[in-house]
>>> print(open('query-v1.cif').read())   # mmCIF, C-alpha atoms and all ligand atoms
data_work
loop_
_atom_site.label_atom_id
_atom_site.label_comp_id
_atom_site.auth_asym_id
_atom_site.auth_seq_id
_atom_site.Cartn_x
_atom_site.Cartn_y
_atom_site.Cartn_z
CA MET A 72 24.06 21.51 2.36
CA LYS A 73 21.38 22.22 4.96
CA ASN A 74 17.89 20.71 5.07
CA SER A 75 16.48 24.10 6.05
CA ALA A 76 18.03 25.85 3.04
CA ILE A 77 16.65 23.26 0.62
CA SER A 78 13.32 23.48 2.37
CA GLU A 79 13.16 27.22 1.69
CA ARG A 80 13.98 26.61 -1.98
CA LYS A 81 11.32 23.91 -2.01
CA ASN A 82 8.74 26.40 -0.77
CA GLN A 83 9.58 28.70 -3.66
CA SER A 84 9.72 26.04 -6.36
CA ILE A 85 7.40 23.12 -5.62
CA SER A 86 3.62 23.14 -5.50
CA ARG A 87 2.42 22.98 -1.91
CA GLY A 88 -0.04 20.37 -3.20
CA VAL A 89 2.77 17.86 -2.81
CA GLY A 90 2.47 17.40 0.94
CA MET A 91 5.64 16.27 2.71
CA THR A 92 5.89 14.31 5.92
CA THR A 93 9.46 15.36 6.72
CA GLN A 94 11.90 18.03 5.64
CA ILE A 95 14.97 15.81 5.80
CA TYR A 96 16.50 15.64 2.36
CA ALA A 97 17.87 12.23 1.43
CA ASP A 98 21.49 11.79 0.50
CA ARG A 99 21.85 8.00 0.52
CA ALA A 100 20.09 4.92 1.81
CA GLU A 101 20.97 1.32 2.60
CA ASN A 102 18.52 -1.39 3.64
CA SER A 103 16.54 0.14 6.54
CA GLU A 104 18.60 3.31 6.99
CA ILE A 105 18.62 6.71 5.28
CA TRP A 106 21.24 9.44 5.67
CA ASP A 107 20.23 13.03 4.99
CA VAL A 108 22.26 15.80 3.35
CA GLU A 109 23.55 16.88 6.76
CA GLY A 110 24.93 13.39 7.40
CA ARG A 111 22.31 12.46 10.00
CA ARG A 112 21.17 8.85 10.01
CA TYR A 113 17.51 7.77 10.23
CA ILE A 114 15.87 4.38 10.60
CA ASP A 115 13.27 4.14 7.89
CA PHE A 116 9.92 2.79 9.07
CA SER A 117 8.18 4.09 5.94
CA SER A 118 9.98 2.29 3.10
CA GLY A 119 8.96 5.16 0.83
CA ILE A 120 5.34 4.17 1.67
CA ALA A 121 5.60 0.38 1.42
CA VAL A 122 7.87 0.38 -1.63
CA VAL A 123 11.19 -1.00 -0.47
CA ASN A 124 9.97 -4.13 1.31
CA THR A 125 13.29 -5.67 0.22
CA GLY A 126 15.21 -2.72 1.68
CA HIS A 127 16.86 0.29 0.08
CA ARG A 128 19.27 -0.73 -2.66
CA HIS A 129 19.10 -4.46 -2.11
CA PRO A 130 22.32 -5.70 -3.79
CA LYS A 131 20.41 -8.16 -6.00
CA VAL A 132 17.95 -5.51 -7.16
CA ILE A 133 20.77 -3.05 -7.88
CA GLU A 134 22.75 -5.72 -9.75
CA ALA A 135 19.70 -6.61 -11.88
CA VAL A 136 19.06 -2.96 -12.71
CA LYS A 137 22.72 -2.26 -13.52
CA SER A 138 22.87 -5.23 -15.84
CA GLN A 139 19.66 -4.06 -17.57
CA LEU A 140 21.10 -0.53 -17.91
CA ASP A 141 24.02 -2.04 -19.80
CA ARG A 142 21.68 -3.74 -22.29
CA PHE A 143 18.79 -1.32 -23.03
CA THR A 144 16.71 1.11 -20.98
CA HIS A 145 13.59 1.72 -23.08
CA THR A 146 12.10 0.42 -26.28
CA CYS A 147 8.40 0.68 -25.33
CA HIS A 148 6.99 -2.81 -25.02
CA GLN A 149 4.26 -1.89 -27.51
CA VAL A 150 6.90 -1.19 -30.17
CA VAL A 151 9.83 -3.53 -29.56
CA PRO A 152 8.88 -6.00 -26.84
CA TYR A 153 11.24 -7.87 -24.53
CA GLU A 154 11.20 -11.35 -23.01
CA SER A 155 11.67 -10.16 -19.41
CA TYR A 156 8.20 -8.50 -19.54
CA VAL A 157 6.63 -11.75 -20.74
CA ARG A 158 8.48 -13.76 -18.07
CA LEU A 159 7.39 -11.39 -15.29
CA ALA A 160 3.78 -11.71 -16.45
CA GLU A 161 4.18 -15.50 -16.38
CA ARG A 162 5.57 -15.31 -12.83
CA LEU A 163 2.73 -13.12 -11.54
CA ASN A 164 0.09 -15.21 -13.32
CA GLY A 165 1.49 -18.25 -11.52
CA MET A 166 1.64 -16.54 -8.12
CA LEU A 167 -1.68 -14.70 -7.72
CA PRO A 168 -4.47 -16.49 -5.83
CA GLY A 169 -7.19 -18.24 -7.86
CA LYS A 170 -7.08 -21.51 -9.75
CA PHE A 171 -7.83 -20.13 -13.20
CA ASP A 172 -5.84 -18.96 -16.23
CA LYS A 173 -4.53 -15.45 -15.76
CA LYS A 174 -3.03 -12.67 -17.85
CA THR A 175 -1.22 -9.47 -16.89
CA VAL A 176 -0.64 -5.93 -18.11
CA PHE A 177 2.16 -3.71 -16.78
CA VAL A 178 1.83 0.02 -16.28
CA THR A 179 3.75 2.46 -14.10
CA THR A 180 2.00 3.65 -10.93
CA GLY A 181 -0.53 2.30 -8.45
CA ALA A 182 -3.19 4.76 -9.59
CA GLU A 183 -2.61 3.72 -13.18
CA ALA A 184 -3.05 0.06 -12.22
CA VAL A 185 -6.38 0.97 -10.58
CA GLU A 186 -7.46 2.97 -13.66
CA ASN A 187 -6.68 -0.01 -15.86
CA ALA A 188 -8.46 -2.48 -13.60
CA VAL A 189 -11.62 -0.36 -13.91
CA LYS A 190 -11.18 -0.02 -17.69
CA ILE A 191 -10.78 -3.79 -18.03
CA ALA A 192 -13.75 -4.52 -15.74
CA ARG A 193 -15.99 -2.13 -17.66
CA ASN A 194 -14.90 -3.53 -21.00
CA ALA A 195 -15.35 -7.15 -19.92
CA THR A 196 -18.77 -6.66 -18.31
CA GLY A 197 -20.18 -3.95 -20.56
CA ARG A 198 -21.22 -2.23 -17.33
CA GLN A 199 -20.34 1.16 -15.95
CA ALA A 200 -20.70 1.47 -12.17
CA VAL A 201 -17.97 0.78 -9.60
CA ILE A 202 -18.29 0.35 -5.86
CA ALA A 203 -15.48 1.17 -3.42
CA PHE A 204 -15.31 1.59 0.36
CA SER A 205 -15.15 4.48 2.78
CA GLY A 206 -11.62 4.99 4.02
CA GLY A 207 -10.21 3.26 0.95
CA PHE A 208 -7.36 4.84 -1.01
CA HIS A 209 -6.84 4.11 -4.69
CA GLY A 210 -4.67 6.95 -6.02
CA ARG A 211 -4.71 10.55 -7.19
CA THR A 212 -5.84 10.25 -10.83
CA PHE A 213 -9.49 11.02 -11.54
CA MET A 214 -10.80 7.47 -11.19
CA GLY A 215 -8.40 6.75 -8.32
CA MET A 216 -9.61 9.89 -6.59
CA ALA A 217 -13.27 9.09 -7.23
CA LEU A 218 -12.82 5.60 -5.76
CA THR A 219 -10.93 6.93 -2.74
CA GLY A 220 -13.14 7.13 0.33
CA LYS A 221 -11.61 10.19 2.01
CA VAL A 222 -12.44 13.74 0.96
CA VAL A 223 -9.71 15.85 2.61
CA PRO A 224 -7.10 16.19 1.17
CA TYR A 225 -7.62 13.86 -1.76
CA LYS A 226 -10.81 15.15 -3.40
CA VAL A 227 -11.36 18.63 -2.07
CA GLY A 228 -11.36 21.34 -4.74
CA PHE A 229 -10.82 18.97 -7.65
CA GLY A 230 -14.28 19.30 -9.10
CA ALA A 231 -16.64 16.72 -10.52
CA MET A 232 -15.56 13.11 -10.10
CA PRO A 233 -16.22 10.47 -12.78
CA ALA A 234 -19.84 9.36 -12.61
CA ASP A 235 -21.17 6.07 -11.33
CA VAL A 236 -18.76 5.55 -8.45
CA PHE A 237 -20.41 4.55 -5.17
CA HIS A 238 -19.13 3.92 -1.67
CA ALA A 239 -20.16 1.48 1.04
CA PRO A 240 -18.82 1.60 4.60
CA PHE A 241 -15.77 -0.58 5.24
CA PRO A 242 -16.25 -2.82 8.28
CA VAL A 243 -14.19 -1.53 11.21
CA ALA A 244 -15.48 -3.03 14.46
CA LEU A 245 -13.36 -0.58 16.48
CA HIS A 246 -15.39 2.28 14.99
CA GLY A 247 -18.74 0.57 15.34
CA VAL A 248 -19.16 -0.77 11.80
CA SER A 249 -19.65 -4.54 11.80
CA VAL A 250 -19.46 -6.84 8.79
CA ALA A 251 -23.26 -7.11 8.93
CA ASP A 252 -23.58 -3.28 8.92
CA SER A 253 -21.31 -3.02 5.93
CA LEU A 254 -23.12 -5.72 3.96
CA ALA A 255 -26.50 -4.21 4.84
CA ALA A 256 -25.29 -0.85 3.52
CA LEU A 257 -24.15 -2.51 0.31
CA ASP A 258 -27.55 -4.08 -0.06
CA LYS A 259 -29.18 -0.72 0.53
CA LEU A 260 -26.92 0.83 -2.10
CA PHE A 261 -28.26 -1.73 -4.58
CA LYS A 262 -31.82 -0.79 -3.64
CA ALA A 263 -31.49 2.98 -3.33
CA ASP A 264 -28.69 4.06 -5.66
CA VAL A 265 -27.50 1.59 -8.27
CA ASP A 266 -28.93 -1.50 -9.91
CA PRO A 267 -26.40 -4.31 -9.26
CA ALA A 268 -26.88 -5.35 -12.89
CA ARG A 269 -25.11 -2.08 -13.83
CA VAL A 270 -22.12 -2.64 -11.52
CA ALA A 271 -18.89 -3.65 -13.28
CA ALA A 272 -16.69 -4.05 -10.20
CA ILE A 273 -16.31 -3.84 -6.47
CA ILE A 274 -12.81 -2.72 -5.53
CA VAL A 275 -11.44 -3.40 -2.06
CA GLU A 276 -8.11 -3.26 -0.26
CA PRO A 277 -7.64 -6.52 1.68
CA VAL A 278 -6.02 -4.34 4.36
CA GLN A 279 -6.86 -0.66 4.05
CA GLY A 280 -3.59 1.26 3.73
CA GLU A 281 -3.96 5.05 3.92
CA GLY A 282 -7.37 4.45 5.53
CA GLY A 283 -5.82 3.11 8.74
CA PHE A 284 -4.45 -0.46 8.31
CA TYR A 285 -7.82 -2.11 8.94
CA GLU A 286 -7.93 -5.69 7.77
CA ALA A 287 -10.98 -6.87 5.84
CA PRO A 288 -12.50 -9.66 7.95
CA ARG A 289 -12.52 -13.07 6.25
CA ASP A 290 -16.30 -13.40 6.35
CA PHE A 291 -16.59 -9.96 4.77
CA MET A 292 -14.39 -10.91 1.83
CA THR A 293 -16.26 -14.20 1.40
CA ALA A 294 -19.57 -12.30 1.41
CA LEU A 295 -18.27 -9.80 -1.15
CA ARG A 296 -17.23 -12.67 -3.42
CA LYS A 297 -20.71 -14.16 -3.06
CA THR A 298 -22.40 -10.84 -3.85
CA CYS A 299 -20.18 -10.42 -6.90
CA ASP A 300 -20.98 -13.93 -8.15
CA GLN A 301 -24.68 -13.42 -7.57
CA HIS A 302 -24.80 -10.24 -9.67
CA GLY A 303 -22.05 -10.86 -12.26
CA ILE A 304 -19.85 -8.18 -10.68
CA LEU A 305 -16.04 -8.46 -10.80
CA LEU A 306 -14.11 -8.40 -7.52
CA VAL A 307 -10.95 -6.29 -7.70
CA ALA A 308 -8.36 -6.59 -4.92
CA ASP A 309 -6.19 -3.49 -4.66
CA GLU A 310 -2.92 -4.99 -3.39
CA VAL A 311 -0.84 -1.92 -4.17
CA GLN A 312 0.12 -1.46 -0.50
CA THR A 313 -0.49 -4.99 0.83
CA GLY A 314 1.45 -6.93 -1.79
CA PHE A 315 4.79 -8.66 -1.81
CA ALA A 316 5.26 -10.28 1.61
CA ARG A 317 4.14 -7.28 3.69
CA THR A 318 1.27 -9.16 5.35
CA GLY A 319 3.24 -12.38 5.87
CA LYS A 320 1.96 -13.83 2.59
CA MET A 321 3.03 -12.82 -0.88
CA PHE A 322 -0.44 -11.29 -1.38
CA ALA A 323 -2.92 -10.33 1.34
CA MET A 324 -5.73 -12.13 -0.51
CA GLU A 325 -3.94 -15.39 0.39
CA HIS A 326 -5.30 -14.84 3.91
CA HIS A 327 -8.80 -15.28 2.49
CA ASP A 328 -10.78 -18.26 1.24
CA VAL A 329 -11.78 -16.53 -1.97
CA ALA A 330 -9.89 -15.11 -4.95
CA PRO A 331 -10.43 -11.79 -6.73
CA ASP A 332 -11.04 -11.60 -10.49
CA LEU A 333 -8.49 -8.81 -10.88
CA THR A 334 -5.58 -7.66 -8.69
CA THR A 335 -3.74 -4.35 -8.82
CA MET A 336 -0.09 -4.24 -7.75
CA ALA A 337 2.61 -1.55 -7.60
CA LYS A 338 4.89 -0.16 -4.85
CA SER A 339 7.18 -2.97 -3.66
CA LEU A 340 6.70 -5.00 -6.86
CA ALA A 341 9.87 -3.41 -8.22
CA GLY A 342 11.57 -2.39 -4.95
CA GLY A 343 11.81 1.32 -5.72
CA PHE A 344 11.62 1.41 -9.51
CA PRO A 345 8.31 2.54 -11.02
CA LEU A 346 6.28 -0.45 -12.13
CA SER A 347 2.70 -1.54 -11.59
CA ALA A 348 0.52 -4.35 -12.82
CA VAL A 349 -2.99 -5.68 -13.20
CA THR A 350 -3.33 -9.46 -13.18
CA GLY A 351 -6.61 -11.30 -13.54
CA ARG A 352 -8.76 -13.90 -15.21
CA ALA A 353 -7.42 -14.41 -18.73
CA GLU A 354 -10.75 -13.91 -20.49
CA ILE A 355 -11.43 -10.69 -18.59
CA MET A 356 -7.92 -9.34 -19.21
CA ASP A 357 -8.41 -10.06 -22.94
CA ALA A 358 -11.64 -8.03 -23.19
CA PRO A 359 -10.08 -4.71 -24.27
CA GLY A 360 -8.97 -4.63 -27.90
CA PRO A 361 -5.32 -4.21 -28.97
CA GLY A 362 -4.15 -0.68 -28.19
CA GLY A 363 -6.74 -0.20 -25.44
CA LEU A 364 -4.23 -0.88 -22.66
CA GLY A 365 -0.60 0.05 -22.06
CA GLY A 366 1.41 3.27 -22.02
CA THR A 367 4.76 4.56 -23.19
CA TYR A 368 6.59 3.57 -20.01
CA GLY A 369 4.33 0.68 -19.03
CA GLY A 370 6.46 -2.28 -17.98
CA SER A 371 9.75 -0.36 -18.23
CA PRO A 372 12.62 -2.83 -18.69
CA ILE A 373 14.35 -1.31 -15.66
CA GLY A 374 11.31 -1.84 -13.43
CA VAL A 375 10.80 -5.33 -14.84
CA ALA A 376 14.43 -6.30 -14.15
CA ALA A 377 14.09 -4.97 -10.59
CA ALA A 378 10.82 -6.87 -10.08
CA HIS A 379 12.39 -10.19 -11.06
CA ALA A 380 15.11 -9.58 -8.46
CA VAL A 381 12.53 -8.54 -5.84
CA LEU A 382 10.56 -11.76 -6.33
CA ASP A 383 13.80 -13.80 -6.10
CA VAL A 384 14.84 -12.01 -2.89
CA ILE A 385 11.43 -12.53 -1.23
CA GLU A 386 11.76 -16.24 -1.91
CA GLU A 387 15.47 -16.66 -1.13
CA GLU A 388 15.35 -14.63 2.10
CA LYS A 389 12.00 -16.11 3.17
CA LEU A 390 10.58 -12.62 3.66
CA CYS A 391 7.02 -13.83 4.32
CA GLU A 392 8.27 -15.74 7.36
CA ARG A 393 10.44 -12.80 8.36
CA ALA A 394 7.48 -10.41 8.08
CA ASN A 395 5.55 -12.58 10.52
CA ALA A 396 8.46 -12.71 12.97
CA LEU A 397 9.12 -8.96 12.82
CA GLY A 398 5.43 -8.13 13.13
CA ALA A 399 5.12 -10.38 16.19
CA ARG A 400 8.09 -8.59 17.79
CA LEU A 401 6.64 -5.16 17.09
CA LYS A 402 3.17 -6.05 18.33
CA GLN A 403 4.60 -7.63 21.48
CA ARG A 404 6.52 -4.44 22.32
CA LEU A 405 3.44 -2.31 21.66
CA ALA A 406 1.36 -4.59 23.87
CA SER A 407 3.82 -4.14 26.72
CA ILE A 408 3.75 -0.33 26.27
CA ARG A 409 -0.06 -0.43 26.21
CA GLU A 410 -0.14 -1.85 29.74
CA ASP A 411 0.39 1.64 31.14
CA VAL A 412 -0.56 3.76 28.12
CA PRO A 413 -4.36 3.71 27.92
CA GLU A 414 -4.29 6.08 24.94
CA ILE A 415 -3.37 3.03 22.84
CA VAL A 416 -6.76 1.67 21.81
CA ASP A 417 -5.68 -0.87 19.22
CA ILE A 418 -2.62 -2.74 17.97
CA ARG A 419 -3.19 -4.66 14.79
CA GLY A 420 -2.24 -5.94 11.40
CA PRO A 421 -1.22 -9.16 9.69
CA GLY A 422 2.47 -9.97 9.19
CA PHE A 423 4.52 -6.79 9.24
CA MET A 424 1.66 -4.49 8.11
CA ASN A 425 1.08 -3.23 11.61
CA ALA A 426 -0.44 -0.16 13.19
CA VAL A 427 -1.18 1.38 16.57
CA GLU A 428 -4.21 3.59 17.13
CA PHE A 429 -4.45 6.43 19.67
CA ASN A 430 -7.40 7.98 21.47
CA ASP A 431 -7.72 10.91 23.80
CA VAL A 432 -8.71 9.02 26.96
CA ASN A 433 -10.64 11.94 28.45
CA LYS A 434 -12.75 12.57 25.37
CA GLY A 435 -12.86 8.94 24.20
CA LEU A 436 -12.20 10.24 20.68
CA PRO A 437 -9.47 9.59 18.12
CA SER A 438 -6.35 11.63 18.86
CA ALA A 439 -4.58 12.79 15.71
CA GLU A 440 -2.55 15.11 17.97
CA LEU A 441 -1.02 12.25 19.95
CA ALA A 442 -0.24 10.18 16.83
CA ASN A 443 1.46 13.19 15.28
CA ALA A 444 3.34 14.01 18.48
CA VAL A 445 4.71 10.46 18.62
CA ARG A 446 5.75 10.72 14.97
CA LEU A 447 7.59 14.00 15.58
CA LYS A 448 9.33 12.77 18.75
CA ALA A 449 10.48 9.67 16.88
CA LEU A 450 11.75 11.76 13.98
CA ASP A 451 13.76 13.88 16.42
CA ARG A 452 15.38 10.68 17.65
CA GLY A 453 16.06 9.40 14.13
CA LEU A 454 13.10 7.13 13.37
CA ILE A 455 10.86 7.88 10.39
CA LEU A 456 7.21 6.98 11.08
CA LEU A 457 4.04 7.56 9.07
CA THR A 458 0.54 8.28 10.31
CA CYS A 459 -2.65 7.25 8.52
CA GLY A 460 -6.35 6.70 9.08
CA VAL A 461 -9.55 8.55 8.37
CA TYR A 462 -9.03 10.32 11.73
CA SER A 463 -5.21 10.53 11.29
CA ASN A 464 -4.83 8.92 14.73
CA VAL A 465 -2.98 5.82 13.56
CA ILE A 466 0.74 5.20 13.26
CA ARG A 467 1.54 2.60 10.63
CA PHE A 468 4.77 0.69 10.54
CA LEU A 469 6.29 -0.04 7.14
CA SER A 470 9.91 -0.85 7.76
CA PRO A 471 11.74 -2.87 5.13
CA ILE A 472 11.20 -6.57 5.84
CA THR A 473 14.96 -6.97 5.49
CA ILE A 474 15.65 -4.72 8.52
CA GLN A 475 18.61 -5.98 10.58
CA ASP A 476 17.72 -7.32 14.06
CA GLY A 477 19.90 -4.73 15.84
CA VAL A 478 18.35 -1.82 13.93
CA MET A 479 14.90 -3.19 14.73
CA THR A 480 15.76 -3.20 18.46
CA GLU A 481 16.98 0.38 18.21
CA ALA A 482 13.77 1.40 16.42
CA LEU A 483 11.55 -0.26 19.02
CA ASP A 484 13.39 1.55 21.81
CA ILE A 485 12.95 4.91 20.06
CA LEU A 486 9.29 4.13 19.48
CA GLU A 487 8.70 3.32 23.13
CA THR A 488 10.47 6.47 24.37
CA SER A 489 8.59 8.59 21.84
CA ILE A 490 5.19 7.22 22.85
CA ARG A 491 5.92 7.74 26.54
CA GLU A 492 7.26 11.27 26.02
CA ALA A 493 4.46 12.37 23.70
CA ARG A 494 1.88 11.12 26.15
CA ALA A 495 3.48 12.88 29.10
CA ALA A 496 3.74 16.20 27.22
C1 LIG B 501 -4.05 0.68 -2.01
C2 LIG B 501 -3.47 1.73 -2.90
N1 LIG B 501 -3.92 1.84 -4.16
C3 LIG B 501 -3.41 2.77 -5.01
C4 LIG B 501 -2.42 3.62 -4.61
C5 LIG B 501 -1.86 4.64 -5.57
O1 LIG B 501 -0.56 4.32 -5.91
P1 LIG B 501 0.40 5.41 -6.57
O2 LIG B 501 0.69 6.42 -5.52
O3 LIG B 501 1.61 4.63 -7.01
O4 LIG B 501 -0.33 5.99 -7.74
C6 LIG B 501 -1.92 3.56 -3.31
C7 LIG B 501 -0.85 4.47 -2.83
O5 LIG B 501 -0.62 4.65 -1.67
C8 LIG B 501 -2.45 2.57 -2.43
O6 LIG B 501 -2.02 2.45 -1.16
#
>>> encode(input="query-v1.cif", output="structure tokens")
Amino acid sequence: MKNSAISERKNQSISRGVGMTTQIYADRAENSEIWDVEGRRYIDFSSGIAVVNTGHRHPKVIEAVKSQLDRFTHTCHQVVPYESYVRLAERLNGMLPGKFDKKTVFVTTGAEAVENAVKIARNATGRQAVIAFSGGFHGRTFMGMALTGKVVPYKVGFGAMPADVFHAPFPVALHGVSVADSLAALDKLFKADVDPARVAAIIVEPVQGEGGFYEAPRDFMTALRKTCDQHGILLVADEVQTGFARTGKMFAMEHHDVAPDLTTMAKSLAGGFPLSAVTGRAEIMDAPGPGGLGGTYGGSPIGVAAAHAVLDVIEEEKLCERANALGARLKQRLASIREDVPEIVDIRGPGFMNAVEFNDVNKGLPSAELANAVRLKALDRGLILLTCGVYSNVIRFLSPITIQDGVMTEALDILETSIREARAA
């Protein structure tokens, strides 16, 4: 089978709305490597967009799923519940930041977790409005889309968004928005657009994912918590991309001094099996009446079994520590490349949630072209990279945290060659 032949069939059969970063069709995958249908091997620095933090087909995850397949695959937790769902909720309730009683609901995708967090926040507060941040990404459902702070391609042509969603600028010093600017804009929003007494929630990614891997400064998060407390607003941390050891802590909010009221999780929670969750203050989570939350596939027993194994693996293999070590190695290599590559304007990110940002040195403007050229050169050499950012000039690194040391070295070498070649072109 040829990638090009499948690609042609894809063009005839799949909506072009599903954008694709590569046209290499997967045949099999193992830890940090993927082989395509033509037998070519790639190093995977995408992890299916931050999903397989524990690597493709981690033996423990596969074993847990196989053993669940042999018992039952679906009963719908709302009809015939199962203990593993309860136990996973207990585990997450015990792990999330915040010294208060917590409860959890499981659904299926990141966007669905966000939808449910907003539903819960509205129900608990009796308020309607929600504030999100420019550059933020929260999914492709209607509320997810409305909350997302990037128009093209996420919102364009999709008509009216749900009402009462507002955006404030996310602080990115590199792009001239300080914490003070961001907080002043929030204050102005309260004066010009929405009475804070009508705001149910402020939703924020502790490190913006699709938006460019910008970390929320600690004083910003502390100020948001204070604003929320002052006005009775709930703080929602969207940890869909940041969760599960990626930032060197189990959750990115552990880098902060304050805790959110609600947290959304998905992606690497179940290491490649669809599962998402909302965890938060018990009394808030209990606001919606029975039947108000859930879904046919919510908390699938397969996803739940995988998630238990993922949490075990993160602990047993000390993946938070490993994320810090791998991230340090990556950032060190990028710093050495930067010495004679002035197009690199920033290297950043906590743990192993790292990114490099490119500018056109002559224009002093973000260079999406260079970021994309690096990505394509790397792909040619067998390394899968992803770009991101409001200006699409950022390369984000999302390799499995279980990547073998030798494969990591190989990837860093390909990255360096690709940056140098793309720049010279
Ligand atoms: C922070 C964040 N929230 C929500 C989502 C949406 O998740 P999903 O694609 O599983 O619906 C994403 C996906 O990238 C995300 O990064």
>>> residues_near_ligand(input="query-v1.cif", ligand="ligand LIG 501 (chain B)", cutoff="9 Å", atoms="all atoms listed in the file", output="NGL selection string")
:A and (120-121 or 179-185 or 207-212 or 215 or 219 or 275-282 or 308-313 or 335-338 or 345-347)
>>> closest_residue(input="query-v1.cif", among="A:Ala271, A:Tyr285, A:Gly453, A:Lys170", to="Lys190 in chain A", atoms="only C-alpha atoms")
A:Ala271
>>> closest_residue(input="query-v1.cif", among="A:His327, A:His246, A:Lys131, A:Arg289", to="Glu428 in chain A", atoms="only C-alpha atoms")
A:His246
>>> atom_distance(input="query-v1.cif", atom1="CA of Val236 in chain A", atom2="CA of Met321 in chain A")
29.5 Å
>>> residues_around(input="query-v1.cif", residues="Glu492 in chain A", least_positions_apart="6", cutoff="9 Å", atoms="all atoms listed in the file", output="VMD selection string")
chain A and resid 444 to 445 448
>>> atom_distance(input="query-v1.cif", atom1="CA of Phe237 in chain A", atom2="CA of Gly303 in chain A")
17.0 Å
>>> atom_distance(input="query-v1.cif", atom1="CA of Leu447 in chain A", atom2="CA of Thr318 in chain A")
26.1 Å
>>> closest_residue(input="query-v1.cif", among="A:His148, A:Arg467, A:His129, A:Lys262", to="Gly365 in chain A", atoms="all atoms listed in the file")
A:His148
>>> closest_residue(input="query-v1.cif", among="A:Leu159, A:Leu260, A:Val223, A:Val270", to="Asp235 in chain A", atoms="only C-alpha atoms")
A:Val270
>>> closest_residue(input="query-v1.cif", among="A:Pro168, A:Pro152, A:Gly420, A:Pro413", to="Gly435 in chain A", atoms="all atoms listed in the file")
A:Pro413
>>> closest_residue(input="query-v1.cif", among="A:Gly460, A:Pro421, A:Pro331, A:Gly88", to="Val227 in chain A", atoms="all atoms listed in the file")
A:Gly88
>>> residues_around(input="query-v1.cif", residues="Gly343 in chain A", least_positions_apart="4", cutoff="9 Å", atoms="all atoms listed in the file", output="PyMOL selection string")
chain A and resi 119+122-123+127-128+338-339+374+377
>>> write_last_selection(input="query-v1.cif", atoms="C-alpha atoms", output="PDB file, in the coordinates of the input")
ATOM      1  CA  GLY A 119       8.960   5.160   0.830  1.00  0.00           C
ATOM      2  CA  VAL A 122       7.870   0.380  -1.630  1.00  0.00           C
ATOM      3  CA  VAL A 123      11.190  -1.000  -0.470  1.00  0.00           C
ATOM      4  CA  HIS A 127      16.860   0.290   0.080  1.00  0.00           C
ATOM      5  CA  ARG A 128      19.270  -0.730  -2.660  1.00  0.00           C
ATOM      6  CA  LYS A 338       4.890  -0.160  -4.850  1.00  0.00           C
ATOM      7  CA  SER A 339       7.180  -2.970  -3.660  1.00  0.00           C
ATOM      8  CA  GLY A 374      11.310  -1.840 -13.430  1.00  0.00           C
ATOM      9  CA  ALA A 377      14.090  -4.970 -10.590  1.00  0.00           C
TER      10      ALA A 377
END
>>> residues_around(input="query-v1.cif", residues="Ala268 in chain A", least_positions_apart="4", cutoff="10 Å", atoms="only C-alpha atoms", output="list in words")
Thr196, Arg198, Gln199, Ala200, Phe261, Gln301, His302, Gly303 and Ile304 of chain A
>>> residues_around(input="query-v1.cif", residues="Ala135 in chain A", least_positions_apart="2", cutoff="8 Å", atoms="only C-alpha atoms", output="short mmCIF file (atom, residue, chain, number, x, y, z; two decimals) with C-alpha atoms, in the coordinates of the input")
data_model
loop_
_atom_site.label_atom_id
_atom_site.label_comp_id
_atom_site.auth_asym_id
_atom_site.auth_seq_id
_atom_site.Cartn_x
_atom_site.Cartn_y
_atom_site.Cartn_z
CA LYS A 131 20.41 -8.16 -6.00
CA VAL A 132 17.95 -5.51 -7.16
CA ILE A 133 20.77 -3.05 -7.88
CA LYS A 137 22.72 -2.26 -13.52
CA SER A 138 22.87 -5.23 -15.84
CA GLN A 139 19.66 -4.06 -17.57
CA ALA A 376 14.43 -6.30 -14.15
CA ALA A 377 14.09 -4.97 -10.59
CA ALA A 380 15.11 -9.58 -8.46
#
>>> residues_around(input="query-v1.cif", residues="Met479 in chain A", least_positions_apart="5", cutoff="12 Å", atoms="all atoms listed in the file", output="PyMOL selection string")
chain A and resi 102-104+114-116+396-398+400-401+404+454+468-474+484-486
